[in-house]
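Below you'll find the structure, written out as structure tokens, and then a few comments.
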Amino acid sequence: MTSATIICRCEDVTEDEVRAAIQEGLTSLDEIKRILRCGMGHCQGRTCGRLIAQLIAQETGVPVKAQTWTTFRPPTRPIPMGVLAGPAPEGGEPHA
Amino acid sequence: MRDTAEVVVIGGGVVGCAVAYNLAKLGLTDVVLVEKGYLASGSTGRCGGGIRQQWSTPQNTVMAMASVRLFAGLEQELGYPTEYIQGGYLILAYTEDEVAQYRKNVAMQQGLGLDVRFLSPAEARDVVPCLNIESVLAATYCPTDGKANPFLVTQGYALAAQRLGVEVCRRTTVTGIEVTDGRVQAVITDKGRIATHWVVNAAGGYAAAIAALAGLDIPVVPYRHEILVTEPIEPLFDPLIISFYYGTYIVQTPHGSILMGQGDPDEPPGYNMRSGLPFARSITRKMVRLIPCLKEVKVVRQWAGLYAMTPDAQPILGPVEGLAGYVQAVGFSGHGFMVAPITGQLIAEHIVRGETSLPIAELSLSRFATGEIRREASVV
């Protein structure tokens, strides 16, 4: 892998950027997610999580199995707001 | 971890990190910051990122105006990006009571020198062209309100503090505070004891639990609020939009994603930070109505965080009588991020100089004993 390899495809984050973040002191998946956005995109880290865990292992010596995974949050797949909202109630919206 | 420090700051959210940085900036670098998770893992990292000056009490308005002046120069001062943007805040009124309250608020705020305007519904739509103004009676708009990235601001403060000599201990849990003869002696953690002269409680949703370790009973109660975020889209609107009537807010980040949040007024207090479908259904229904073109935009994630509420929805700042060395910056009631820069400065001034550049006596714990409280009305 070259250093410009894209690690997080949802948010366009490179291996270089992830390594720099780890060296800055962001030594967990949760911390890297919050600064670089890896895991905040459509896939929620399903693609990049394992790769980043390996980079953390290489940089810090903490094995992948000993690392804490980020929280997977609802929804499992992206859902349009209009679908979540459902149809408008009969007789229109209640209002002031 | 050091076993002695002049100051121990409890809490690695934006307030704790701002306090630690400002202490070091004033020359007090013998500081340890203790955080049980990672930085911004509590309320800070779960907030909407809005920065508002439109408040109903003069105290909150003055604090917020001072904070905005600091936000403007923060990126340069910390040498770290903050994504700070002055996109304004648009507050919508749906009832005559709200209209009356907002007229009073605007008069008070203008008296304090804030650039804030009372708008007709059509004028509100000029600010946000995609807005559905049906049932909107009026709005207030402050163009210098704004937003920033809570993770980046917190990280910027922490890195700048560390460069000045502050020690930041993540994944370290405070288990005790030693007090003898009415004076703080030490902070006990799961990684060891730190003898100290000062302890700053900046523990967000857990502030009351930390205060209890020092034998204090403080009225700070955690309430769950939820947020969801959409996929990024092209820039659609600049201001953060609030409705107190609906208890909601919505904001587009520089990344392009749109955040929207609310709490459930019927939910009892607690530490539950799970997120659920009832919230997602409720807020998407309100927001599709408010901004109809969002209908096709996809929700990618939702989460929850804690509002650390006080009885008057204003923070509790400063020292506590009878407990020398204990200082608190707690109970921000959902607006801690936006006042963190000024809070960090004032708490550091109190510790280093024994006086503050803005008065904080009105925000002391003793206000609840005397019964002289003015509730902040503009809380979402």
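Note on naming: chains are A, B, ... as they come in the structure tokens, residues start from 1 per chain, ligands start from 1 in the order shown.
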
Which polymer residues have any atom within 7 Å of an atom of B:Pro239, counting only C-alpha atoms, with same-chain residues fewer than 4 positions away left out, as JSON, numbers by chain? {"B": [87, 88, 89, 90, 146, 251]}

Let's have the selection written as an mmCIF file, in the first residue's frame, with C-alpha atoms.
```cif
data_model
loop_
_atom_site.group_PDB
_atom_site.id
_atom_site.type_symbol
_atom_site.label_atom_id
_atom_site.label_comp_id
_atom_site.auth_asym_id
_atom_site.auth_seq_id
_atom_site.Cartn_x
_atom_site.Cartn_y
_atom_site.Cartn_z
ATOM 1 C CA GLY B 87 -23.991 31.381 9.639
ATOM 2 C CA GLY B 88 -26.458 32.931 12.085
ATOM 3 C CA TYR B 89 -29.359 31.508 14.116
ATOM 4 C CA LEU B 90 -32.966 31.789 13.028
ATOM 5 C CA GLY B 146 -22.896 30.300 14.208
ATOM 6 C CA VAL B 251 -28.229 22.808 11.151
#
```

Test item: residues at most 7 Å from B:Val380, only C-alpha atoms, excluding those fewer than 6 positions along its chain, as a list in words: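 Contacts, with the query itself left out: Phe244, Gly247 and Thr248 of chain B.
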
Residues from last step as file, C-alpha atoms, as an mmCIF file, in the first residue's frame:
```
data_model
loop_
_atom_site.group_PDB
_atom_site.id
_atom_site.type_symbol
_atom_site.label_atom_id
_atom_site.label_comp_id
_atom_site.auth_asym_id
_atom_site.auth_seq_id
_atom_site.Cartn_x
_atom_site.Cartn_y
_atom_site.Cartn_z
ATOM 1 C CA PHE B 244 -38.820 26.094 20.976
ATOM 2 C CA GLY B 247 -38.364 21.625 20.830
ATOM 3 C CA THR B 248 -36.138 21.104 17.818
#
```

Polymer residues at most 8 Å from B:Pro222, only C-alpha atoms, same-chain spacing of 5 or more positions, as number ranges by chain: B: 205-206, 269-271, 306-309

Have a look at atom CA of B:Arg2 and atom CA of B:Ala40 and let me know their distance in Å, one decimal.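 Those two atoms sit 22.4 Å apart.
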
Atom CA of B:Leu365 to atom CA of B:Ile218, straight-line distance in Å: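 For atom CA of B:Ile218 relative to atom CA of B:Leu365, the distance reads 7.5 Å.
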
I'd like a table as a Markdown table: residues in chain A with an atom no more than 9 Å from chain B, each row giving the shortest atom pair and its distance in Å to one decimal, only C-alpha atoms counted, sorted by chain and rising residue number.
```
| residue | atom | partner | partner_atom | distance |
| --- | --- | --- | --- | --- |
| A:Glu24 | CA | B:Leu159 | CA | 8.8 |
| A:Ser28 | CA | B:Tyr38 | CA | 8.8 |
| A:Asp30 | CA | B:Tyr38 | CA | 8.2 |
| A:Glu31 | CA | B:Tyr38 | CA | 6.9 |
| A:Arg34 | CA | B:Phe151 | CA | 6.3 |
| A:Ile35 | CA | B:Phe151 | CA | 6.3 |
| A:Met40 | CA | B:Arg301 | CA | 7.7 |
| A:Gly41 | CA | B:Val300 | CA | 7.1 |
| A:His42 | CA | B:Val300 | CA | 5.9 |
| A:Cys43 | CA | B:Val300 | CA | 8.7 |
| A:Gln44 | CA | B:Arg301 | CA | 8.2 |
| A:Phe72 | CA | B:Arg301 | CA | 8.7 |
| A:Arg73 | CA | B:Arg301 | CA | 5.9 |
| A:Pro74 | CA | B:Arg301 | CA | 5.7 |
| A:Pro75 | CA | B:Arg301 | CA | 5.9 |
| A:Thr76 | CA | B:Val300 | CA | 8.2 |
| A:Arg77 | CA | B:Val300 | CA | 6.9 |
| A:Pro78 | CA | B:Val300 | CA | 4.6 |
| A:Ile79 | CA | B:Lys298 | CA | 4.9 |
| A:Pro80 | CA | B:Lys298 | CA | 3.9 |
| A:Met81 | CA | B:Lys295 | CA | 5.1 |
| A:Gly82 | CA | B:Lys295 | CA | 4.3 |
| A:Val83 | CA | B:Lys295 | CA | 7.8 |
| A:Leu84 | CA | B:Arg281 | CA | 5.4 |
| A:Ala85 | CA | B:Arg285 | CA | 4.3 |
| A:Gly86 | CA | B:Arg285 | CA | 7.3 |
| A:Pro87 | CA | B:Arg285 | CA | 8.7 |
| A:Ala88 | CA | B:Arg285 | CA | 7.9 |
| A:Glu93 | CA | B:Arg289 | CA | 8.9 |
| A:His95 | CA | B:Ser135 | CA | 7.9 |
| A:Ala96 | CA | B:Thr95 | CA | 6.8 |
```

Grab the atom CA of B:Ala100 to atom CA of B:Ser56 distance for me, in Å with one decimal place. 11.9 Å

Just the residues within 8 Å of B:Leu23, please, counting only C-alpha atoms, with nothing from its chain fewer than 6 positions along; format it as a PyMOL selection string. chain B and resi 29+31+345+348-349+351-352

As a list in words, list the residues of chain A assigned to strand (DSSP E or B) by DSSP on the backbone atoms of this structure.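 In chain A, DSSP puts these residues in strand (DSSP E or B): Ile6, Ile7, Cys8, Val13, Thr14, Ile79 and Pro80 of chain A.
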
Neighbour list for B:Asn201 as a PyMOL selection string, cut-off 7 Å, only C-alpha atoms, skip fewer than 2 positions in-chain: chain B and resi 9-10+199+203+207+210+327-330

Export of the given selection (C-alpha atoms) as an mmCIF file, in the first residue's frame:
```
data_model
loop_
_atom_site.group_PDB
_atom_site.id
_atom_site.type_symbol
_atom_site.label_atom_id
_atom_site.label_comp_id
_atom_site.auth_asym_id
_atom_site.auth_seq_id
_atom_site.Cartn_x
_atom_site.Cartn_y
_atom_site.Cartn_z
ATOM 1 C CA VAL B 9 -9.390 19.148 35.901
ATOM 2 C CA ILE B 10 -12.032 16.395 35.866
ATOM 3 C CA VAL B 199 -9.918 20.491 41.515
ATOM 4 C CA ALA B 203 -17.775 16.396 34.284
ATOM 5 C CA ALA B 207 -21.097 16.444 37.356
ATOM 6 C CA ILE B 210 -18.226 13.957 40.872
ATOM 7 C CA VAL B 327 -14.271 24.970 41.486
ATOM 8 C CA GLN B 328 -17.032 23.926 39.142
ATOM 9 C CA ALA B 329 -18.006 24.507 35.534
ATOM 10 C CA VAL B 330 -21.109 22.351 35.312
#
```

Taking the DSSP secondary structure from the backbone, can you list the residues of stretch 142-353 of chain B that are alpha helix (DSSP H), as a count of residues only? 53

When distances are computed from only C-alpha atoms, which of A:Ile22, A:Thr71, A:Thr60, A:Asp12 shows the smallest separation from B:Ala304? A:Thr71

Tell me which protein, DNA and RNA residues are within 9 Å of A:Ala21, counting only C-alpha atoms, leaving out same-chain ones fewer than 6 positions away, and put them as JSON, numbers by chain. {"A": [27, 32, 35, 36]}

Restricting the output to N, CA and C atoms, write the selected residues as a PDB file, in the first residue's frame.
```pdb
ATOM      1  N   THR A  27      -5.421   7.204  19.420  1.00  0.00           N
ATOM      2  CA  THR A  27      -4.965   5.820  19.352  1.00  0.00           C
ATOM      3  C   THR A  27      -6.093   4.796  19.406  1.00  0.00           C
ATOM      4  N   ILE A  32     -10.273   8.320  16.221  1.00  0.00           N
ATOM      5  CA  ILE A  32      -9.988   8.602  14.806  1.00  0.00           C
ATOM      6  C   ILE A  32     -11.291   8.934  14.066  1.00  0.00           C
ATOM      7  N   ILE A  35     -12.319  12.644  14.692  1.00  0.00           N
ATOM      8  CA  ILE A  35     -11.516  13.718  14.096  1.00  0.00           C
ATOM      9  C   ILE A  35     -11.478  13.601  12.571  1.00  0.00           C
ATOM     10  N   LEU A  36     -11.333  12.389  12.040  1.00  0.00           N
ATOM     11  CA  LEU A  36     -11.185  12.213  10.585  1.00  0.00           C
ATOM     12  C   LEU A  36     -12.477  11.829   9.867  1.00  0.00           C
TER      13      LEU A  36
END
```

Spatial neighbours of B:Met108, 12 Å, only C-alpha atoms, chain gap at least 3 places, as an mmCIF file with C-alpha atoms, in the first residue's frame:
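Contents of the output file selection30.cif:
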```cif
data_model
loop_
_atom_site.group_PDB
_atom_site.id
_atom_site.type_symbol
_atom_site.label_atom_id
_atom_site.label_comp_id
_atom_site.auth_asym_id
_atom_site.auth_seq_id
_atom_site.Cartn_x
_atom_site.Cartn_y
_atom_site.Cartn_z
ATOM 1 C CA GLN B 53 -26.034 34.573 21.534
ATOM 2 C CA GLN B 54 -29.833 34.927 21.536
ATOM 3 C CA TRP B 55 -30.779 34.184 25.151
ATOM 4 C CA SER B 56 -33.534 35.400 27.423
ATOM 5 C CA THR B 57 -31.335 36.361 30.388
ATOM 6 C CA PRO B 58 -28.709 39.124 30.223
ATOM 7 C CA GLN B 59 -26.189 36.849 31.990
ATOM 8 C CA ASN B 60 -26.380 34.156 29.304
ATOM 9 C CA THR B 61 -26.380 36.734 26.500
ATOM 10 C CA VAL B 62 -23.273 38.527 27.806
ATOM 11 C CA GLN B 101 -41.169 36.706 24.625
ATOM 12 C CA TYR B 102 -38.994 37.213 21.520
ATOM 13 C CA ARG B 103 -39.836 40.922 21.355
ATOM 14 C CA LYS B 104 -38.594 41.239 24.940
ATOM 15 C CA ASN B 105 -35.512 39.121 24.197
ATOM 16 C CA GLY B 111 -29.480 46.826 24.536
ATOM 17 C CA LEU B 112 -26.392 44.697 25.140
ATOM 18 C CA GLY B 113 -25.097 45.549 21.651
ATOM 19 C CA LEU B 114 -26.047 42.339 19.841
ATOM 20 C CA ASP B 115 -26.896 42.546 16.124
ATOM 21 C CA VAL B 116 -30.256 40.772 16.278
ATOM 22 C CA ARG B 117 -33.418 41.401 14.257
#
```

Which residue gives the smallest distance to B:Gly12 among B:Thr173, B:Thr144, B:Ser378, B:Gln109, with only C-alpha atoms counted? B:Thr173

Residue with smallest distance to B:Ser366 - pool B:Leu78, B:Val14, B:Ile51, B:Leu317, counting only C-alpha atoms: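 Residue with the minimum atom-to-atom distance to B:Ser366: B:Leu317.
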